[in-house]
file start-v4.cif (mmCIF, N, CA and C atoms)
data_query
#
loop_
_atom_site.label_atom_id
_atom_site.label_comp_id
_atom_site.auth_asym_id
_atom_site.auth_seq_id
_atom_site.Cartn_x
_atom_site.Cartn_y
_atom_site.Cartn_z
N MET A 1 130.82 64.20 213.15
CA MET A 1 129.51 63.97 212.57
C MET A 1 129.28 64.83 211.32
N ALA A 2 129.83 66.02 211.32
CA ALA A 2 129.63 66.89 210.17
C ALA A 2 130.30 66.31 208.92
N ILE A 3 131.46 65.71 209.10
CA ILE A 3 132.16 65.10 207.96
C ILE A 3 131.34 63.95 207.39
N VAL A 4 130.78 63.14 208.26
CA VAL A 4 129.97 62.00 207.81
C VAL A 4 128.74 62.51 207.05
N TYR A 5 128.11 63.55 207.59
CA TYR A 5 126.95 64.12 206.92
C TYR A 5 127.33 64.68 205.55
N LEU A 6 128.41 65.42 205.48
CA LEU A 6 128.83 66.01 204.22
C LEU A 6 129.20 64.94 203.19
N LEU A 7 129.86 63.88 203.63
CA LEU A 7 130.20 62.79 202.71
C LEU A 7 128.95 62.05 202.24
N SER A 8 127.99 61.86 203.13
CA SER A 8 126.74 61.19 202.70
C SER A 8 125.97 62.07 201.72
N ARG A 9 125.95 63.37 201.95
CA ARG A 9 125.27 64.28 201.01
C ARG A 9 126.00 64.32 199.67
N LEU A 10 127.34 64.28 199.72
CA LEU A 10 128.11 64.24 198.48
C LEU A 10 127.79 62.98 197.68
N GLY A 11 127.74 61.84 198.36
CA GLY A 11 127.37 60.59 197.68
C GLY A 11 125.96 60.64 197.13
N TYR A 12 125.03 61.19 197.93
CA TYR A 12 123.64 61.28 197.47
C TYR A 12 123.53 62.18 196.25
N ARG A 13 124.18 63.33 196.30
CA ARG A 13 124.10 64.28 195.18
C ARG A 13 124.78 63.72 193.93
N THR A 14 125.85 62.98 194.12
CA THR A 14 126.52 62.37 192.97
C THR A 14 125.61 61.35 192.31
N LEU A 15 125.00 60.48 193.11
CA LEU A 15 124.07 59.49 192.54
C LEU A 15 122.85 60.17 191.94
N ASP A 16 122.38 61.24 192.59
CA ASP A 16 121.24 61.96 192.05
C ASP A 16 121.57 62.62 190.72
N PHE A 17 122.80 63.11 190.57
CA PHE A 17 123.22 63.69 189.30
C PHE A 17 123.18 62.66 188.18
N PHE A 18 123.75 61.47 188.44
CA PHE A 18 123.75 60.43 187.41
C PHE A 18 122.34 59.95 187.10
N HIS A 19 121.49 59.88 188.12
CA HIS A 19 120.10 59.50 187.88
C HIS A 19 119.41 60.55 187.02
N HIS A 20 119.64 61.80 187.33
CA HIS A 20 119.03 62.88 186.54
C HIS A 20 119.60 62.90 185.12
N TRP A 21 120.92 62.75 184.99
CA TRP A 21 121.57 62.83 183.68
C TRP A 21 121.10 61.72 182.75
N TYR A 22 121.10 60.49 183.26
CA TYR A 22 120.80 59.35 182.40
C TYR A 22 119.32 59.00 182.36
N TYR A 23 118.67 58.87 183.48
CA TYR A 23 117.27 58.44 183.49
C TYR A 23 116.32 59.53 183.00
N HIS A 24 116.34 60.67 183.67
CA HIS A 24 115.43 61.74 183.28
C HIS A 24 115.80 62.34 181.92
N GLY A 25 117.08 62.46 181.67
CA GLY A 25 117.51 62.97 180.37
C GLY A 25 117.09 62.06 179.22
N SER A 26 117.19 60.75 179.44
CA SER A 26 116.76 59.80 178.41
C SER A 26 115.26 59.91 178.16
N ARG A 27 114.51 60.07 179.21
CA ARG A 27 113.06 60.22 179.05
C ARG A 27 112.71 61.50 178.28
N VAL A 28 113.39 62.58 178.59
CA VAL A 28 113.13 63.84 177.90
C VAL A 28 113.49 63.73 176.43
N LEU A 29 114.66 63.15 176.12
CA LEU A 29 115.06 63.00 174.72
C LEU A 29 114.12 62.07 173.96
N THR A 30 113.69 61.00 174.59
CA THR A 30 112.77 60.07 173.93
C THR A 30 111.41 60.73 173.69
N ASN A 31 110.91 61.47 174.67
CA ASN A 31 109.64 62.17 174.48
C ASN A 31 109.76 63.22 173.37
N TYR A 32 110.89 63.91 173.32
CA TYR A 32 111.11 64.88 172.26
C TYR A 32 111.13 64.20 170.89
N PHE A 33 111.78 63.05 170.82
CA PHE A 33 111.86 62.33 169.55
C PHE A 33 110.48 61.87 169.08
N PHE A 34 109.67 61.33 169.98
CA PHE A 34 108.34 60.88 169.59
C PHE A 34 107.44 62.06 169.22
N ALA A 35 107.58 63.19 169.91
CA ALA A 35 106.82 64.38 169.52
C ALA A 35 107.25 64.86 168.14
N PHE A 36 108.55 64.78 167.86
CA PHE A 36 109.04 65.15 166.54
C PHE A 36 108.48 64.22 165.47
N LEU A 37 108.42 62.92 165.76
CA LEU A 37 107.86 61.97 164.79
C LEU A 37 106.38 62.24 164.55
N GLU A 38 105.65 62.63 165.58
CA GLU A 38 104.24 62.97 165.39
C GLU A 38 104.08 64.19 164.49
N LYS A 39 104.93 65.20 164.70
CA LYS A 39 104.89 66.37 163.81
C LYS A 39 105.30 66.00 162.39
N LEU A 40 106.28 65.12 162.28
CA LEU A 40 106.74 64.69 160.96
C LEU A 40 105.66 63.89 160.23
N ASP A 41 104.88 63.13 160.97
CA ASP A 41 103.84 62.32 160.36
C ASP A 41 102.71 63.17 159.79
N ARG A 42 102.59 64.40 160.22
CA ARG A 42 101.59 65.29 159.62
C ARG A 42 101.92 65.61 158.17
N GLY A 43 103.20 65.62 157.85
CA GLY A 43 103.62 65.88 156.48
C GLY A 43 103.81 64.63 155.67
N VAL A 44 104.41 63.61 156.28
CA VAL A 44 104.69 62.36 155.56
C VAL A 44 103.44 61.50 155.47
N ALA A 45 102.63 61.50 156.52
CA ALA A 45 101.36 60.77 156.59
C ALA A 45 101.52 59.28 156.30
N LEU A 46 102.52 58.68 156.92
CA LEU A 46 102.78 57.27 156.70
C LEU A 46 101.67 56.40 157.28
N LYS A 47 101.18 56.75 158.44
CA LYS A 47 100.13 55.97 159.08
C LYS A 47 98.85 55.97 158.25
N ILE A 48 98.46 57.11 157.76
CA ILE A 48 97.23 57.20 156.95
C ILE A 48 97.45 56.53 155.60
N THR A 49 98.63 56.67 155.03
CA THR A 49 98.92 56.04 153.75
C THR A 49 98.84 54.52 153.87
N LEU A 50 99.36 53.97 154.96
CA LEU A 50 99.27 52.53 155.16
C LEU A 50 97.83 52.08 155.41
N LYS A 51 97.05 52.93 156.07
CA LYS A 51 95.65 52.59 156.35
C LYS A 51 94.84 52.47 155.07
N TYR A 52 95.06 53.38 154.15
CA TYR A 52 94.31 53.41 152.89
C TYR A 52 95.14 52.93 151.71
N PHE A 53 96.05 52.00 151.95
CA PHE A 53 96.99 51.57 150.93
C PHE A 53 96.29 51.00 149.69
N PHE A 54 95.28 50.19 149.85
CA PHE A 54 94.62 49.54 148.70
C PHE A 54 93.38 50.29 148.23
N GLN A 55 93.13 51.47 148.76
CA GLN A 55 92.02 52.29 148.28
C GLN A 55 92.49 53.09 147.07
N PRO A 56 91.61 53.32 146.13
CA PRO A 56 92.02 54.11 144.96
C PRO A 56 92.23 55.58 145.32
N LEU A 57 93.09 56.23 144.55
CA LEU A 57 93.34 57.65 144.78
C LEU A 57 92.13 58.47 144.34
N TYR A 58 91.76 59.45 145.12
CA TYR A 58 90.69 60.39 144.81
C TYR A 58 89.38 59.69 144.45
N LYS A 59 89.14 58.54 145.06
CA LYS A 59 87.91 57.76 144.86
C LYS A 59 87.68 57.40 143.39
N ASP A 60 88.76 57.20 142.67
CA ASP A 60 88.68 56.78 141.28
C ASP A 60 88.67 55.25 141.26
N TYR A 61 87.48 54.67 141.16
CA TYR A 61 87.33 53.22 141.28
C TYR A 61 87.54 52.47 139.96
N THR A 62 88.12 53.11 138.99
CA THR A 62 88.44 52.40 137.76
C THR A 62 89.68 51.54 137.99
N VAL A 63 89.97 50.66 137.02
CA VAL A 63 91.14 49.79 137.15
C VAL A 63 92.42 50.62 137.20
N ILE A 64 92.50 51.63 136.34
CA ILE A 64 93.68 52.51 136.31
C ILE A 64 93.82 53.23 137.66
N GLY A 65 92.73 53.71 138.21
CA GLY A 65 92.78 54.42 139.49
C GLY A 65 93.26 53.51 140.61
N ARG A 66 92.80 52.27 140.61
CA ARG A 66 93.23 51.33 141.66
C ARG A 66 94.71 50.99 141.50
N ILE A 67 95.17 50.78 140.28
CA ILE A 67 96.57 50.44 140.05
C ILE A 67 97.48 51.62 140.40
N LEU A 68 97.12 52.81 139.94
CA LEU A 68 97.93 53.99 140.24
C LEU A 68 97.94 54.30 141.74
N GLY A 69 96.83 54.03 142.42
CA GLY A 69 96.79 54.27 143.86
C GLY A 69 97.81 53.43 144.60
N VAL A 70 97.90 52.17 144.25
CA VAL A 70 98.87 51.28 144.90
C VAL A 70 100.30 51.69 144.54
N ILE A 71 100.52 52.06 143.28
CA ILE A 71 101.87 52.45 142.85
C ILE A 71 102.32 53.73 143.56
N PHE A 72 101.46 54.75 143.57
CA PHE A 72 101.83 56.01 144.21
C PHE A 72 102.01 55.85 145.71
N ARG A 73 101.14 55.07 146.32
CA ARG A 73 101.26 54.87 147.77
C ARG A 73 102.48 54.03 148.12
N THR A 74 102.88 53.12 147.24
CA THR A 74 104.10 52.36 147.48
C THR A 74 105.31 53.29 147.52
N PHE A 75 105.38 54.22 146.57
CA PHE A 75 106.47 55.19 146.57
C PHE A 75 106.41 56.08 147.81
N ARG A 76 105.22 56.48 148.18
CA ARG A 76 105.07 57.35 149.35
C ARG A 76 105.47 56.62 150.64
N VAL A 77 105.11 55.35 150.75
CA VAL A 77 105.51 54.56 151.92
C VAL A 77 107.03 54.37 151.93
N GLY A 78 107.61 54.10 150.79
CA GLY A 78 109.07 53.95 150.71
C GLY A 78 109.79 55.23 151.12
N ILE A 79 109.32 56.35 150.63
CA ILE A 79 109.92 57.64 151.00
C ILE A 79 109.72 57.90 152.49
N GLY A 80 108.54 57.55 153.01
CA GLY A 80 108.28 57.73 154.43
C GLY A 80 109.22 56.91 155.30
N PHE A 81 109.45 55.65 154.91
CA PHE A 81 110.38 54.81 155.67
C PHE A 81 111.80 55.35 155.61
N VAL A 82 112.19 55.88 154.46
CA VAL A 82 113.53 56.47 154.35
C VAL A 82 113.65 57.69 155.26
N VAL A 83 112.64 58.54 155.26
CA VAL A 83 112.67 59.74 156.10
C VAL A 83 112.68 59.35 157.58
N TYR A 84 111.81 58.42 157.97
CA TYR A 84 111.80 57.98 159.37
C TYR A 84 113.11 57.30 159.74
N GLY A 85 113.66 56.51 158.85
CA GLY A 85 114.94 55.86 159.12
C GLY A 85 116.07 56.86 159.30
N PHE A 86 116.08 57.89 158.44
CA PHE A 86 117.11 58.93 158.55
C PHE A 86 117.04 59.62 159.90
N PHE A 87 115.84 60.05 160.29
CA PHE A 87 115.72 60.74 161.56
C PHE A 87 115.91 59.80 162.75
N GLY A 88 115.59 58.53 162.58
CA GLY A 88 115.86 57.56 163.63
C GLY A 88 117.35 57.38 163.85
N PHE A 89 118.11 57.25 162.76
CA PHE A 89 119.57 57.14 162.88
C PHE A 89 120.16 58.43 163.43
N LEU A 90 119.63 59.57 163.01
CA LEU A 90 120.12 60.85 163.52
C LEU A 90 119.88 60.95 165.03
N PHE A 91 118.68 60.59 165.46
CA PHE A 91 118.37 60.62 166.89
C PHE A 91 119.25 59.65 167.66
N THR A 92 119.47 58.45 167.12
CA THR A 92 120.31 57.47 167.79
C THR A 92 121.74 58.01 167.95
N GLY A 93 122.25 58.65 166.92
CA GLY A 93 123.59 59.24 167.01
C GLY A 93 123.66 60.35 168.05
N ILE A 94 122.65 61.21 168.07
CA ILE A 94 122.62 62.29 169.06
C ILE A 94 122.51 61.71 170.47
N TYR A 95 121.67 60.69 170.63
CA TYR A 95 121.49 60.08 171.94
C TYR A 95 122.78 59.40 172.41
N LEU A 96 123.44 58.67 171.54
CA LEU A 96 124.70 58.03 171.93
C LEU A 96 125.78 59.05 172.25
N ALA A 97 125.84 60.14 171.50
CA ALA A 97 126.80 61.19 171.80
C ALA A 97 126.50 61.81 173.16
N TRP A 98 125.23 62.01 173.48
CA TRP A 98 124.85 62.58 174.76
C TRP A 98 125.17 61.62 175.91
N VAL A 99 124.91 60.34 175.72
CA VAL A 99 125.18 59.36 176.77
C VAL A 99 126.69 59.22 176.99
N LEU A 100 127.46 59.27 175.93
CA LEU A 100 128.91 59.08 176.06
C LEU A 100 129.66 60.37 176.37
N LEU A 101 128.97 61.50 176.43
CA LEU A 101 129.62 62.77 176.71
C LEU A 101 130.26 62.79 178.09
N LEU A 102 129.52 62.39 179.10
CA LEU A 102 130.05 62.41 180.47
C LEU A 102 131.23 61.46 180.66
N PRO A 103 131.15 60.20 180.20
CA PRO A 103 132.35 59.35 180.32
C PRO A 103 133.55 59.89 179.54
N ALA A 104 133.30 60.51 178.39
CA ALA A 104 134.42 61.07 177.61
C ALA A 104 135.07 62.23 178.35
N ILE A 105 134.27 63.08 178.95
CA ILE A 105 134.83 64.20 179.73
C ILE A 105 135.64 63.67 180.90
N LEU A 106 135.10 62.70 181.62
CA LEU A 106 135.84 62.12 182.75
C LEU A 106 137.12 61.43 182.30
N PHE A 107 137.06 60.72 181.19
CA PHE A 107 138.25 60.04 180.67
C PHE A 107 139.35 61.04 180.31
N PHE A 108 139.00 62.09 179.58
CA PHE A 108 140.02 63.07 179.19
C PHE A 108 140.54 63.85 180.39
N PHE A 109 139.68 64.11 181.36
CA PHE A 109 140.13 64.79 182.57
C PHE A 109 141.15 63.94 183.32
N VAL A 110 140.83 62.66 183.53
CA VAL A 110 141.75 61.76 184.25
C VAL A 110 143.03 61.54 183.45
N ARG A 111 142.92 61.39 182.16
CA ARG A 111 144.10 61.17 181.32
C ARG A 111 145.03 62.38 181.36
N ASN A 112 144.46 63.57 181.28
CA ASN A 112 145.30 64.77 181.32
C ASN A 112 145.84 65.06 182.72
N LEU A 113 145.11 64.61 183.73
CA LEU A 113 145.55 64.86 185.09
C LEU A 113 146.72 63.97 185.49
N PHE A 114 146.67 62.70 185.10
CA PHE A 114 147.68 61.75 185.55
C PHE A 114 148.76 61.43 184.50
N PHE A 115 148.50 61.63 183.24
CA PHE A 115 149.44 61.19 182.21
C PHE A 115 149.95 62.35 181.36
N GLN A 116 150.47 63.35 182.01
CA GLN A 116 151.03 64.47 181.24
C GLN A 116 152.51 64.37 181.10
#

call {"tool": "encode", "arguments": {"input": "start-v4.cif", "output": "structure tokens"}}
result
Amino acid sequence: MAIVYLLSRLGYRTLDFFHHWYYHGSRVLTNYFFAFLEKLDRGVALKITLKYFFQPLYKDYTVIGRILGVIFRTFRVGIGFVVYGFFGFLFTGIYLAWVLLLPAILFFFVRNLFFQ
């Protein structure tokens, strides 16, 4: 009976490890990424820039003010998308490396163990 109990606990702990590694770890990384984007948006201000896209800069309601507002905000939105895209690709790379870390370790362990 002790062997059966120990094997069942080993199976449970193994499944619990994978659940913790992939499910909870993914949630933590995703929450960290969204918190980082919120902090980044304080500087880039993409959401506010899109909200006031057609408003003139500094309440300058002249034709020049309205035209310059759209031009400057277009550049700011473009830069914001580039910055968000860069960090999105960076996060995706880090996440894929983290997800593939465990299979890579197991693969190299098995390869070195059996094929030396």

call {"tool": "residues_around", "arguments": {"input": "start-v4.cif", "residues": "Leu50 in chain A", "least_positions_apart": "4", "cutoff": "8 Å", "atoms": "all atoms listed in the file", "output": "PyMOL selection string"}}
result
chain A and resi 45-46+54+73+76-77

call {"tool": "select_by_dssp", "arguments": {"input": "start-v4.cif", "residues": "chain A", "states": "alpha helix (DSSP H)", "output": "PyMOL selection string"}}
result
chain A and resi 2-18+25-44+46-51+63-114

call {"tool": "resolve_selection", "arguments": {"input": "start-v4.cif", "expression": "the PyMOL selection byres (((chain A and resi 91 and name CA) around 12) and name CA)", "output": "mmCIF file with N, CA and C atoms, in the frame of the given file"}}
result
data_model
loop_
_atom_site.group_PDB
_atom_site.id
_atom_site.type_symbol
_atom_site.label_atom_id
_atom_site.label_comp_id
_atom_site.auth_asym_id
_atom_site.auth_seq_id
_atom_site.Cartn_x
_atom_site.Cartn_y
_atom_site.Cartn_z
ATOM 1 N N SER A 26 117.190 60.750 179.440
ATOM 2 C CA SER A 26 116.760 59.800 178.410
ATOM 3 C C SER A 26 115.260 59.910 178.160
ATOM 4 N N LEU A 29 114.660 63.150 176.120
ATOM 5 C CA LEU A 29 115.060 63.000 174.720
ATOM 6 C C LEU A 29 114.120 62.070 173.960
ATOM 7 N N THR A 30 113.690 61.000 174.590
ATOM 8 C CA THR A 30 112.770 60.070 173.930
ATOM 9 C C THR A 30 111.410 60.730 173.690
ATOM 10 N N ASN A 31 110.910 61.470 174.670
ATOM 11 C CA ASN A 31 109.640 62.170 174.480
ATOM 12 C C ASN A 31 109.760 63.220 173.370
ATOM 13 N N TYR A 32 110.890 63.910 173.320
ATOM 14 C CA TYR A 32 111.110 64.880 172.260
ATOM 15 C C TYR A 32 111.130 64.200 170.890
ATOM 16 N N PHE A 33 111.780 63.050 170.820
ATOM 17 C CA PHE A 33 111.860 62.330 169.550
ATOM 18 C C PHE A 33 110.480 61.870 169.080
ATOM 19 N N PHE A 34 109.670 61.330 169.980
ATOM 20 C CA PHE A 34 108.340 60.880 169.590
ATOM 21 C C PHE A 34 107.440 62.060 169.220
ATOM 22 N N PHE A 36 108.550 64.780 167.860
ATOM 23 C CA PHE A 36 109.040 65.150 166.540
ATOM 24 C C PHE A 36 108.480 64.220 165.470
ATOM 25 N N LEU A 37 108.420 62.920 165.760
ATOM 26 C CA LEU A 37 107.860 61.970 164.790
ATOM 27 C C LEU A 37 106.380 62.240 164.550
ATOM 28 N N TYR A 84 111.810 58.420 157.970
ATOM 29 C CA TYR A 84 111.800 57.980 159.370
ATOM 30 C C TYR A 84 113.110 57.300 159.740
ATOM 31 N N GLY A 85 113.660 56.510 158.850
ATOM 32 C CA GLY A 85 114.940 55.860 159.120
ATOM 33 C C GLY A 85 116.070 56.860 159.300
ATOM 34 N N PHE A 86 116.080 57.890 158.440
ATOM 35 C CA PHE A 86 117.110 58.930 158.550
ATOM 36 C C PHE A 86 117.040 59.620 159.900
ATOM 37 N N PHE A 87 115.840 60.050 160.290
ATOM 38 C CA PHE A 87 115.720 60.740 161.560
ATOM 39 C C PHE A 87 115.910 59.800 162.750
ATOM 40 N N GLY A 88 115.590 58.530 162.580
ATOM 41 C CA GLY A 88 115.860 57.560 163.630
ATOM 42 C C GLY A 88 117.350 57.380 163.850
ATOM 43 N N PHE A 89 118.110 57.250 162.760
ATOM 44 C CA PHE A 89 119.570 57.140 162.880
ATOM 45 C C PHE A 89 120.160 58.430 163.430
ATOM 46 N N LEU A 90 119.630 59.570 163.010
ATOM 47 C CA LEU A 90 120.120 60.850 163.520
ATOM 48 C C LEU A 90 119.880 60.950 165.030
ATOM 49 N N THR A 92 119.470 58.450 167.120
ATOM 50 C CA THR A 92 120.310 57.470 167.790
ATOM 51 C C THR A 92 121.740 58.010 167.950
ATOM 52 N N GLY A 93 122.250 58.650 166.920
ATOM 53 C CA GLY A 93 123.590 59.240 167.010
ATOM 54 C C GLY A 93 123.660 60.350 168.050
ATOM 55 N N ILE A 94 122.650 61.210 168.070
ATOM 56 C CA ILE A 94 122.620 62.290 169.060
ATOM 57 C C ILE A 94 122.510 61.710 170.470
ATOM 58 N N TYR A 95 121.670 60.690 170.630
ATOM 59 C CA TYR A 95 121.490 60.080 171.940
ATOM 60 C C TYR A 95 122.780 59.400 172.410
ATOM 61 N N LEU A 96 123.440 58.670 171.540
ATOM 62 C CA LEU A 96 124.700 58.030 171.930
ATOM 63 C C LEU A 96 125.780 59.050 172.250
ATOM 64 N N ALA A 97 125.840 60.140 171.500
ATOM 65 C CA ALA A 97 126.800 61.190 171.800
ATOM 66 C C ALA A 97 126.500 61.810 173.160
ATOM 67 N N TRP A 98 125.230 62.010 173.480
ATOM 68 C CA TRP A 98 124.850 62.580 174.760
ATOM 69 C C TRP A 98 125.170 61.620 175.910
#

call {"tool": "resolve_selection", "arguments": {"input": "start-v4.cif", "expression": "the PyMOL selection byres ((chain A and resi 57) around 6)", "output": "PyMOL selection string"}}
result
chain A and resi 55-56+58-60+65-66+68-69

call {"tool": "axis_aligned_box", "arguments": {"input": "start-v4.cif", "around": "range 27-37 of chain A", "padding_each_side": "5 Å", "output": "JSON"}}
result
{"center_x": 110.7, "center_y": 62.6, "center_z": 171.9, "size_x": 18.7, "size_y": 15.1, "size_z": 24.7}

call {"tool": "atom_distance", "arguments": {"input": "start-v4.cif", "atom1": "atom C of Phe17 in chain A", "atom2": "atom N of Met1 in chain A"}}
result
26.2 Å
